[in-house]
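Pasted below: query10.tsv, TSV, C-alpha atoms and all ligand atoms.
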```
chain	number	residue	atom	x	y	z
A	50	MET	CA	-31.62	-4.82	-11.30
A	51	THR	CA	-29.60	-2.33	-9.31
A	52	GLU	CA	-30.37	-0.24	-6.30
A	53	THR	CA	-28.59	2.91	-5.23
A	54	LEU	CA	-27.23	2.93	-1.72
A	55	LEU	CA	-25.85	5.77	0.30
A	56	THR	CA	-22.80	4.44	2.11
A	57	ALA	CA	-22.57	7.35	4.54
A	58	ASP	CA	-25.26	9.03	6.61
A	59	PRO	CA	-27.83	10.22	4.02
A	60	ALA	CA	-28.28	13.44	6.00
A	61	ARG	CA	-24.67	14.35	5.40
A	62	GLU	CA	-23.76	16.35	2.35
A	63	ASP	CA	-20.67	14.26	1.73
A	64	ALA	CA	-22.69	11.04	1.51
A	65	VAL	CA	-21.31	8.91	-1.31
A	66	ARG	CA	-23.52	7.41	-3.98
A	67	LEU	CA	-22.47	4.00	-5.16
A	68	VAL	CA	-24.60	1.92	-7.47
A	69	VAL	CA	-24.77	-1.48	-5.83
A	70	GLY	CA	-26.11	-4.47	-7.73
A	71	GLU	CA	-28.28	-7.29	-6.42
A	72	PRO	CA	-26.34	-10.47	-5.57
A	73	ALA	CA	-25.33	-12.14	-8.86
A	74	GLU	CA	-24.69	-15.78	-9.83
A	75	PHE	CA	-22.12	-16.55	-7.13
A	76	GLY	CA	-23.77	-14.39	-4.48
A	77	TYR	CA	-21.61	-11.28	-4.83
A	78	ARG	CA	-22.88	-7.76	-5.50
A	79	SER	CA	-21.46	-5.47	-8.18
A	80	PHE	CA	-20.42	-1.88	-7.53
A	81	GLU	CA	-20.31	1.19	-9.76
A	82	LEU	CA	-18.55	4.49	-9.23
A	83	GLY	CA	-18.62	6.89	-12.17
A	84	ALA	CA	-18.18	4.86	-15.35
A	85	PHE	CA	-16.23	2.06	-13.63
A	86	ARG	CA	-18.06	-1.15	-12.75
A	87	PHE	CA	-16.64	-3.92	-10.55
A	88	SER	CA	-18.10	-7.42	-10.33
A	89	ARG	CA	-16.68	-10.74	-9.20
A	90	ASP	CA	-17.18	-14.42	-9.79
A	91	GLU	CA	-15.46	-17.35	-8.11
A	92	TYR	CA	-11.99	-16.56	-9.47
A	93	PHE	CA	-11.82	-13.09	-10.98
A	94	VAL	CA	-12.79	-9.47	-10.56
A	95	ARG	CA	-14.18	-8.03	-13.79
A	96	ILE	CA	-13.59	-4.30	-14.19
A	97	THR	CA	-15.45	-2.54	-17.01
A	98	TRP	CA	-15.40	1.04	-18.31
A	99	PRO	CA	-16.89	2.62	-21.44
A	100	THR	CA	-14.01	1.67	-23.76
A	101	GLY	CA	-12.80	-1.61	-22.30
A	102	SER	CA	-12.83	-4.34	-19.70
A	103	HIS	CA	-10.29	-6.31	-17.67
A	104	LEU	CA	-10.08	-9.45	-15.53
A	105	MET	CA	-7.76	-9.83	-12.54
A	106	GLU	CA	-7.26	-12.79	-10.20
A	107	ILE	CA	-9.51	-12.08	-7.22
A	108	GLY	CA	-6.85	-12.69	-4.53
A	109	GLN	CA	-4.51	-10.15	-6.12
A	110	PHE	CA	-7.34	-7.63	-6.40
A	111	LEU	CA	-8.62	-8.02	-2.82
A	112	HIS	CA	-5.15	-7.96	-1.27
A	113	VAL	CA	-4.25	-4.71	-3.03
A	114	LEU	CA	-7.70	-3.21	-2.43
A	115	VAL	CA	-7.54	-3.75	1.34
A	116	ARG	CA	-3.95	-2.55	1.76
A	117	THR	CA	-4.50	0.48	-0.46
A	118	MET	CA	-7.58	1.45	1.54
A	119	GLY	CA	-5.65	1.02	4.83
A	120	GLN	CA	-2.82	3.20	3.57
A	121	ASP	CA	-5.08	6.01	2.37
A	122	PHE	CA	-4.06	5.24	-1.23
A	123	PHE	CA	-0.32	5.38	-0.38
A	124	PHE	CA	2.02	7.78	-2.23
A	125	GLY	CA	1.52	8.36	-5.93
A	126	TRP	CA	0.51	5.40	-8.07
A	127	VAL	CA	-0.73	2.00	-6.93
A	128	PHE	CA	-0.71	-0.41	-9.85
A	129	PHE	CA	-2.97	-3.37	-9.06
A	130	ASP	CA	-1.46	-4.91	-12.20
A	131	ASP	CA	-0.31	-3.56	-15.60
A	132	VAL	CA	-3.79	-2.22	-16.39
A	133	PHE	CA	-5.79	-1.04	-13.37
A	134	GLY	CA	-4.77	1.23	-10.50
A	135	THR	CA	-5.08	4.42	-8.50
A	136	LEU	CA	-3.20	7.71	-8.41
A	137	ASN	CA	-3.25	9.61	-5.13
A	138	ARG	CA	-3.88	13.30	-5.73
A	139	TYR	CA	-4.12	13.84	-1.96
A	140	GLY	CA	-7.79	14.72	-1.45
A	141	GLN	CA	-8.80	13.19	-4.75
A	142	ILE	CA	-8.07	9.80	-6.28
A	143	GLU	CA	-7.67	9.06	-9.95
A	144	LEU	CA	-8.95	5.59	-10.88
A	145	PHE	CA	-7.33	4.46	-14.12
A	146	ALA	CA	-7.53	1.54	-16.51
A	147	GLY	CA	-5.01	1.19	-19.33
A	148	THR	CA	-3.69	4.74	-18.89
A	149	TYR	CA	-0.15	3.45	-18.26
A	150	SER	CA	-0.36	0.57	-20.75
A	151	PRO	CA	0.85	1.59	-24.23
A	152	ALA	CA	-1.31	-1.07	-25.92
A	153	HIS	CA	-4.49	0.21	-24.25
A	154	ARG	CA	-3.57	3.82	-24.99
A	155	ASP	CA	-2.86	3.05	-28.67
A	156	ALA	CA	-6.13	1.16	-29.00
A	157	GLY	CA	-8.14	4.03	-27.44
A	158	ALA	CA	-9.14	1.69	-24.60
A	159	ALA	CA	-7.63	3.69	-21.71
A	160	HIS	CA	-9.91	5.46	-19.24
A	161	SER	CA	-9.42	7.41	-16.02
A	162	GLU	CA	-11.64	9.31	-13.65
A	163	ILE	CA	-10.92	11.58	-10.70
A	164	VAL	CA	-13.14	11.07	-7.67
A	165	ASP	CA	-13.03	12.42	-4.13
A	166	SER	CA	-10.94	10.33	-1.73
A	167	THR	CA	-14.09	9.70	0.34
A	168	GLU	CA	-15.80	8.19	-2.72
A	169	ALA	CA	-12.85	5.96	-3.56
A	170	HIS	CA	-12.65	4.88	0.08
A	171	ALA	CA	-16.40	4.12	0.20
A	172	LEU	CA	-16.11	2.05	-3.00
A	173	PHE	CA	-13.16	0.01	-1.68
A	174	LEU	CA	-14.79	-0.54	1.71
A	175	ALA	CA	-18.07	-1.65	0.14
A	176	ILE	CA	-16.26	-4.12	-2.15
A	177	ALA	CA	-14.08	-5.51	0.67
A	178	THR	CA	-17.09	-5.91	2.95
A	179	ASP	CA	-19.08	-7.86	0.34
A	180	TRP	CA	-16.29	-9.85	-1.33
A	181	VAL	CA	-13.96	-10.96	1.49
A	182	ASN	CA	-15.32	-14.19	2.97
A	183	GLU	CA	-14.68	-15.80	6.32
A	184	GLY	CA	-11.56	-17.95	6.04
A	185	TYR	CA	-9.68	-15.53	3.81
A	186	ASP	CA	-7.37	-12.90	5.31
A	187	PRO	CA	-5.99	-10.58	2.61
A	188	MET	CA	-3.46	-9.10	5.06
A	189	ALA	CA	-1.80	-12.45	5.87
A	190	GLU	CA	1.21	-14.00	4.14
A	191	PRO	CA	0.18	-16.16	1.17
A	192	GLY	CA	0.74	-19.46	3.02
A	193	GLU	CA	-1.54	-18.39	5.86
A	194	ALA	CA	-4.14	-16.25	4.06
A	195	GLY	CA	-6.71	-18.95	3.25
A	196	SER	CA	-8.53	-18.93	-0.07
A	197	PRO	CA	-10.13	-15.92	-1.74
A	198	PHE	CA	-11.89	-18.15	-4.30
A	199	GLY	CA	-15.37	-19.59	-4.55
A	200	PRO	CA	-18.94	-18.46	-4.02
A	201	LYS	CA	-20.01	-15.99	-1.36
A	202	GLY	CA	-19.63	-17.33	2.17
A	203	ALA	CA	-20.03	-15.94	5.67
A	204	PRO	CA	-18.69	-12.42	6.30
A	205	SER	CA	-14.98	-12.14	7.10
A	206	THR	CA	-13.85	-12.04	10.70
A	207	ALA	CA	-10.27	-10.92	9.88
A	208	SER	CA	-9.25	-7.42	10.91
A	209	LEU	CA	-8.71	-5.68	7.60
A	210	ASN	CA	-7.01	-2.60	9.02
A	211	ARG	CA	-4.42	-4.16	11.30
A	212	GLY	CA	-0.86	-3.14	10.59
A	213	PHE	CA	-1.83	0.42	9.70
A	214	THR	CA	-0.51	2.08	12.83
A	215	ALA	CA	-0.84	5.70	13.88
A	216	ILE	CA	1.92	8.10	12.81
A	217	PRO	CA	4.09	9.23	15.76
A	218	GLN	CA	4.16	12.95	16.47
A	219	ARG	CA	7.92	12.84	17.04
A	220	MET	CA	9.20	9.38	17.72
A	221	LEU	CA	7.87	5.96	18.43
A	222	GLY	CA	7.86	5.07	22.13
A	223	LEU	CA	8.27	8.62	23.48
A	224	GLU	CA	6.01	9.25	26.42
A	225	GLY	CA	2.55	10.17	25.14
A	226	ASP	CA	3.46	9.12	21.59
A	227	VAL	CA	2.66	5.92	19.62
A	228	PRO	CA	3.94	2.90	21.61
A	229	VAL	CA	6.52	0.43	20.29
A	230	ARG	CA	5.22	-3.08	19.66
A	231	SER	CA	5.73	-5.40	22.63
A	232	GLU	CA	5.30	-8.91	23.96
A	233	ALA	CA	3.00	-7.44	26.63
A	234	ALA	CA	0.64	-6.25	23.89
A	235	GLY	CA	0.56	-9.77	22.45
A	236	GLN	CA	2.85	-8.86	19.53
A	237	HIS	CA	5.26	-11.77	19.12
A	238	VAL	CA	8.58	-11.78	17.28
A	239	ASN	CA	8.12	-13.27	13.81
A	240	ARG	CA	9.84	-16.65	13.42
A	241	ALA	CA	12.13	-15.22	10.71
A	242	PHE	CA	13.69	-12.82	13.23
A	243	ALA	CA	14.18	-15.27	16.09
A	244	ASP	CA	17.98	-14.94	15.69
A	245	LEU	CA	18.09	-11.14	16.12
A	246	ASP	CA	19.53	-9.54	19.23
A	247	LEU	CA	16.57	-7.55	20.54
A	248	ASP	CA	17.97	-5.90	23.65
A	249	VAL	CA	16.70	-2.51	24.81
A	250	PRO	CA	19.07	0.48	24.61
A	251	GLU	CA	20.18	2.09	27.84
A	252	VAL	CA	19.68	5.88	27.96
A	253	LEU	CA	21.92	7.82	30.37
A	254	PRO	CA	21.08	11.54	30.08
A	255	GLU	CA	23.30	14.22	31.58
A	256	PRO	CA	21.59	16.21	34.35
A	257	GLY	CA	19.07	18.60	32.81
A	258	PHE	CA	18.37	16.36	29.81
A	259	GLU	CA	16.15	13.84	31.59
A	260	GLY	CA	13.03	13.03	29.59
A	261	ARG	CA	14.49	14.67	26.49
A	262	LEU	CA	16.60	11.80	25.22
A	263	HIS	CA	15.00	8.69	23.90
A	264	ALA	CA	16.04	5.48	22.17
A	265	ILE	CA	14.28	2.29	21.12
A	266	ASN	CA	15.31	-0.92	19.45
A	267	ALA	CA	13.53	-0.36	16.13
A	268	PHE	CA	14.50	-3.89	15.04
A	269	ASP	CA	12.41	-5.20	17.93
A	270	HIS	CA	9.45	-3.09	16.80
A	271	ILE	CA	9.63	-4.37	13.23
A	272	ALA	CA	10.35	-7.98	14.25
A	273	ARG	CA	6.93	-7.92	15.97
A	274	SER	CA	4.96	-6.67	12.97
A	275	ASP	CA	2.49	-9.29	11.77
A	276	VAL	CA	2.11	-7.76	8.32
A	277	SER	CA	4.60	-7.26	5.50
A	278	TRP	CA	5.15	-4.45	2.97
A	279	ILE	CA	3.32	-1.94	5.19
A	280	PRO	CA	5.89	0.73	6.11
A	281	SER	CA	5.20	2.08	9.60
A	282	VAL	CA	6.52	5.47	10.60
A	283	VAL	CA	9.16	5.31	13.33
A	284	SER	CA	10.26	8.96	13.43
A	285	VAL	CA	9.34	12.34	12.01
A	286	THR	CA	11.73	15.28	11.55
A	287	LYS	CA	9.91	18.21	10.00
A	288	ASP	CA	8.95	16.97	6.49
A	289	SER	CA	11.19	13.92	6.59
A	290	ILE	CA	9.62	10.67	7.72
A	291	THR	CA	11.45	7.45	8.45
A	292	CYS	CA	9.51	4.24	7.95
A	293	MET	CA	10.46	0.66	8.67
A	294	SER	CA	8.79	-2.48	7.48
A	295	SER	CA	9.21	-6.20	7.25
A	296	GLU	CA	9.05	-7.61	3.73
A	297	GLU	CA	8.29	-11.19	2.75
A	298	ASP	CA	7.33	-12.88	-0.51
A	299	ARG	CA	6.46	-10.09	-2.96
A	300	LEU	CA	5.06	-6.57	-2.82
A	301	ARG	CA	1.66	-7.19	-4.35
A	302	ILE	CA	1.26	-3.68	-5.69
A	303	THR	CA	3.62	-2.21	-8.23
A	304	HIS	CA	4.34	1.20	-6.77
A	305	GLY	CA	4.67	4.26	-9.00
A	306	ASN	CA	6.72	6.89	-7.17
A	307	ASP	CA	5.64	10.53	-7.17
A	308	ARG	CA	8.94	11.57	-5.47
A	309	PRO	CA	12.28	9.84	-4.92
A	310	GLU	CA	12.34	7.35	-2.07
A	311	TRP	CA	15.50	6.44	-0.14
A	312	PHE	CA	15.84	2.77	0.78
A	313	ILE	CA	18.30	1.37	3.33
A	314	GLN	CA	18.40	-2.41	3.48
A	315	LEU	CA	18.61	-3.45	7.14
A	316	THR	CA	18.54	-7.26	7.05
A	317	ASP	CA	18.44	-10.07	4.50
A	318	GLU	CA	17.81	-9.36	0.81
A	319	ILE	CA	15.24	-7.64	-1.41
A	320	HIS	CA	15.17	-7.70	-5.21
A	321	TRP	CA	13.47	-4.78	-6.94
A	322	ASP	CA	12.17	-4.78	-10.51
A	323	ILE	CA	12.30	-1.21	-11.79
A	324	ALA	CA	10.28	-0.09	-14.82
A	325	ASP	CA	9.40	3.15	-16.58
A	326	LYS	CA	6.33	4.60	-14.86
A	327	GLU	CA	4.50	5.66	-18.02
A	328	SER	CA	5.05	2.56	-20.15
A	329	GLY	CA	6.03	-0.24	-17.77
A	330	ALA	CA	9.15	-0.91	-19.91
A	331	PRO	CA	11.81	-2.58	-17.71
A	332	CYS	CA	14.69	-0.27	-16.64
A	333	GLY	CA	16.61	-2.61	-14.39
A	334	ARG	CA	16.83	-4.76	-11.32
A	335	VAL	CA	18.30	-3.73	-7.97
A	336	VAL	CA	19.38	-6.39	-5.48
A	337	MET	CA	19.80	-4.91	-1.99
A	338	ARG	CA	21.70	-6.56	0.87
A	339	PRO	CA	22.22	-5.27	4.43
A	340	GLY	CA	23.78	-1.81	4.40
A	341	ASP	CA	22.92	-1.10	0.75
A	342	VAL	CA	21.34	2.30	0.07
A	343	ALA	CA	19.27	3.21	-2.99
A	344	ALA	CA	17.40	6.29	-4.13
A	345	MET	CA	14.41	5.11	-6.13
A	346	PRO	CA	13.67	7.83	-8.71
A	347	ALA	CA	10.43	9.77	-9.04
A	348	ASP	CA	9.68	8.54	-12.58
A	349	ILE	CA	9.64	4.79	-12.06
A	350	ARG	CA	7.33	2.02	-10.93
A	351	HIS	CA	8.84	-0.76	-8.82
A	352	LYS	CA	7.97	-4.10	-7.30
A	353	GLY	CA	9.93	-5.83	-4.53
A	354	TYR	CA	10.65	-9.49	-3.82
A	355	ALA	CA	11.94	-10.80	-0.48
A	356	PRO	CA	12.89	-14.50	-0.53
A	357	LYS	CA	13.14	-14.42	3.29
A	358	ARG	CA	11.38	-11.96	5.63
A	359	ALA	CA	13.63	-8.86	5.54
A	360	MET	CA	13.72	-5.40	7.13
A	361	LEU	CA	13.79	-2.23	5.07
A	362	LEU	CA	14.07	1.41	6.08
A	363	VAL	CA	12.41	3.96	3.79
A	364	ILE	CA	12.82	7.74	4.01
A	365	GLU	CA	10.04	9.80	2.44
A	366	ASN	CA	10.10	13.54	1.82
A	367	MET	CA	6.66	14.93	2.71
A	368	THR	CA	7.33	18.52	1.57
A	369	SER	CA	4.02	19.75	0.22
A	370	GLY	CA	3.89	20.42	-3.51
A	371	LEU	CA	6.74	17.99	-4.22
A	372	PRO	CA	4.78	15.59	-6.50
A	373	GLU	CA	3.78	18.52	-8.72
A	374	LEU	CA	7.42	19.70	-9.04
A	375	TYR	CA	8.44	16.22	-10.25
A	376	ALA	CA	5.38	15.84	-12.48
A	377	GLU	CA	6.13	19.19	-14.15
A	378	GLY	CA	9.82	18.31	-14.62
A	379	LYS	CA	10.95	21.18	-12.38
A	380	LEU	CA	13.07	18.77	-10.35
A	381	PRO	CA	15.16	15.93	-11.86
A	382	PRO	CA	13.58	12.54	-11.05
A	383	HIS	CA	16.73	11.24	-9.35
A	384	PRO	CA	18.43	13.03	-6.43
A	385	VAL	CA	22.02	12.06	-7.35
A	386	GLU	CA	24.05	12.44	-10.58
A	387	PHE	CA	26.83	9.87	-11.15
B	1	LIG	C1	7.54	1.19	-2.12
B	1	LIG	O1	6.84	0.96	-3.10
B	1	LIG	O2	8.32	2.13	-2.18
B	1	LIG	C2	7.42	0.36	-0.91
B	1	LIG	C3	6.22	-0.25	-0.64
B	1	LIG	C4	6.10	-1.05	0.48
B	1	LIG	C5	7.19	-1.23	1.31
B	1	LIG	C6	8.39	-0.61	1.03
B	1	LIG	C7	8.51	0.19	-0.09
B	1	LIG	O3	7.08	-2.01	2.38
B	2	FE	FE	7.91	3.16	-3.95
```

I need this file expressed as structure tokens, please.
Amino acid sequence: MTETLLTADPAREDAVRLVVGEPAEFGYRSFELGAFRFSRDEYFVRITWPTGSHLMEIGQFLHVLVRTMGQDFFFGWVFFDDVFGTLNRYGQIELFAGTYSPAHRDAGAAHSEIVDSTEAHALFLAIATDWVNEGYDPMAEPGEAGSPFGPKGAPSTASLNRGFTAIPQRMLGLEGDVPVRSEAAGQHVNRAFADLDLDVPEVLPEPGFEGRLHAINAFDHIARSDVSWIPSVVSVTKDSITCMSSEEDRLRITHGNDRPEWFIQLTDEIHWDIADKESGAPCGRVVMRPGDVAAMPADIRHKGYAPKRAMLLVIENMTSGLPELYAEGKLPPHPVEF
């Protein structure tokens, strides 16, 4: 038996209708949006659509679900695995299953649906609220996350949106702008960065430039992040945004770019698996060490691996209409010809 719930205020016109099932065998509810249905047991999420179905390990699913929700569906494609994922159409979200898997496409088992971002967000929030139990923190590193498995327990007490910081207007730490992370705010330096020199820059403006010059130690800011693979914006110059993040273990999504992304490796080492976005066929592997710069093309999907917690700087071009220009082939997918 299923009941229909309104997840937003029923009086509002943008209220979202999700079909929510009664608790099933292991105590978890199922959720339906459009023709997609999501249910879970002790170990797996089961995703079904009219022409197919798919199982995914529940920890992988919940981790990606929570981070994707926190990042407003990120840029472009978020592949939960080779089969299921989301495409950000900025205002709308395409949910897809098998669309970028040649075997599913050939078998006629691929399916995708475009929903409003508010609907996709309501679906993800409802699933996370029902399926994340106390004792499991999907935002933590694998060794500290607890277990996502088993029957339904008490509701989670972990903050599921930590790490998703506000975007600075101009620059982190400027007066009136987003503050840099600090010891005073209870944000401790991660053990992997204990050897970094985290002194504060001295700013000596010429007369007349007081209050107009600003500098921070961005390494200090990132060393205090308690999440990994969540790029946080450190500065904004017109349509160009600079993000920094700490990376450890593996990026649990496979990201499909909708524009080129510039990477500058700041510390330690990250290995990237690069594959064709449409088919998933491997294109290569990029190993980045401090000082290395890469432009990740607009037509690939990639997944990163960091054997030791590392710092990465990412530059994103936010020019509106850019994803369409790449999708239509009006711009080459890579910014440099060799
Ligand atoms: C990316 O997919 O481009 C990406 C994702 C998370 C990061 C860095 C880069 O922390
Ligand atoms: Fe990317």

Requested in this report: Would you kindly return, as a count of residues only, each protein, DNA or RNA residue with an atom no farther than 12 Å from any atom of Leu380 (chain A), considering all atoms listed in the file and excluding same-chain residues fewer than 3 positions away?
Outcome: 17

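Counting only C-alpha atoms and all ligand atoms and comparing A:Gly125, A:Pro151, A:Pro382, A:Gly195, the residue that lies closest to ligand LIG 1 (chain B) is A:Gly125.
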
Check your understanding: Can you find the residues with an atom no farther than 7 Å from (-9.1, -10.1, -12.0), counting all atoms listed in the file, and report them as JSON, numbers by chain?
Key -> {"A": [93, 94, 95, 103, 104, 105, 106, 107, 110]}

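When CA of Pro381 (chain A) is paired with CA of Asn366 (chain A), their separation reads 14.8 Å.
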
For the contact check between chain A and ligand LIG 1 (chain B), emit one row per residue of chain A within 6 Å, containing the shortest atom pair and the distance in Å rounded to one decimal, counting only C-alpha atoms and all ligand atoms, chain then rising number order, as CSV.
```
residue,atom,partner,partner_atom,distance
A:Trp278,CA,B:LIG1,O3,3.2
A:Ile279,CA,B:LIG1,O3,4.7
A:Pro280,CA,B:LIG1,O3,4.8
A:Ser294,CA,B:LIG1,O3,5.4
A:His304,CA,B:LIG1,O1,4.4
```

Quick one: which chain A residues come within 12 Å of ligand FE 2 (chain B), and what is the nearest atom pair for each with the distance in Å to one decimal, counting all atoms listed in the file, rows ordered by chain and ascending number, as a Markdown table?
```
| residue | atom | partner | partner_atom | distance |
| --- | --- | --- | --- | --- |
| A:Phe123 | CA | B:FE2 | FE | 9.2 |
| A:Phe124 | CA | B:FE2 | FE | 7.7 |
| A:Gly125 | CA | B:FE2 | FE | 8.5 |
| A:Trp126 | CA | B:FE2 | FE | 8.8 |
| A:Val127 | CA | B:FE2 | FE | 9.2 |
| A:Phe128 | CA | B:FE2 | FE | 11.0 |
| A:Trp278 | CA | B:FE2 | FE | 10.6 |
| A:Ile279 | CA | B:FE2 | FE | 11.4 |
| A:Pro280 | CA | B:FE2 | FE | 10.5 |
| A:Leu300 | CA | B:FE2 | FE | 10.2 |
| A:Ile302 | CA | B:FE2 | FE | 9.7 |
| A:Thr303 | CA | B:FE2 | FE | 8.1 |
| A:His304 | CA | B:FE2 | FE | 5.0 |
| A:Gly305 | CA | B:FE2 | FE | 6.1 |
| A:Asn306 | CA | B:FE2 | FE | 5.1 |
| A:Asp307 | CA | B:FE2 | FE | 8.4 |
| A:Arg308 | CA | B:FE2 | FE | 8.6 |
| A:Pro309 | CA | B:FE2 | FE | 8.0 |
| A:Glu310 | CA | B:FE2 | FE | 6.4 |
| A:Trp311 | CA | B:FE2 | FE | 9.1 |
| A:Phe312 | CA | B:FE2 | FE | 9.2 |
| A:Trp321 | CA | B:FE2 | FE | 10.1 |
| A:Asp322 | CA | B:FE2 | FE | 11.1 |
| A:Ile323 | CA | B:FE2 | FE | 10.0 |
| A:Ala324 | CA | B:FE2 | FE | 11.6 |
| A:Lys326 | CA | B:FE2 | FE | 11.1 |
| A:Ala343 | CA | B:FE2 | FE | 11.4 |
| A:Ala344 | CA | B:FE2 | FE | 10.0 |
| A:Met345 | CA | B:FE2 | FE | 7.1 |
| A:Pro346 | CA | B:FE2 | FE | 8.8 |
| A:Ala347 | CA | B:FE2 | FE | 8.7 |
| A:Asp348 | CA | B:FE2 | FE | 10.3 |
| A:Ile349 | CA | B:FE2 | FE | 8.5 |
| A:Arg350 | CA | B:FE2 | FE | 7.1 |
| A:His351 | CA | B:FE2 | FE | 6.3 |
| A:Lys352 | CA | B:FE2 | FE | 8.0 |
| A:Gly353 | CA | B:FE2 | FE | 9.2 |
| A:Leu362 | CA | B:FE2 | FE | 11.9 |
| A:Val363 | CA | B:FE2 | FE | 9.0 |
| A:Ile364 | CA | B:FE2 | FE | 10.4 |
| A:Glu365 | CA | B:FE2 | FE | 9.5 |
```

Which polymer residues, protein or nucleic acid, are no farther than 12 Å from (-3.8, -16.1, 3.5), counting all atoms listed in the file, as an MDAnalysis selection string?
chainID A and resid 108:109 111:112 181:198 207 276

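Distance check against Tyr354 (chain A) using all atoms listed in the file: of A:Arg211, A:Lys201, A:Arg301, A:His263, the minimum falls on A:Arg301.
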
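Put simply, CA of Tyr92 (chain A) is 13.0 Å away from CA of Gly76 (chain A).
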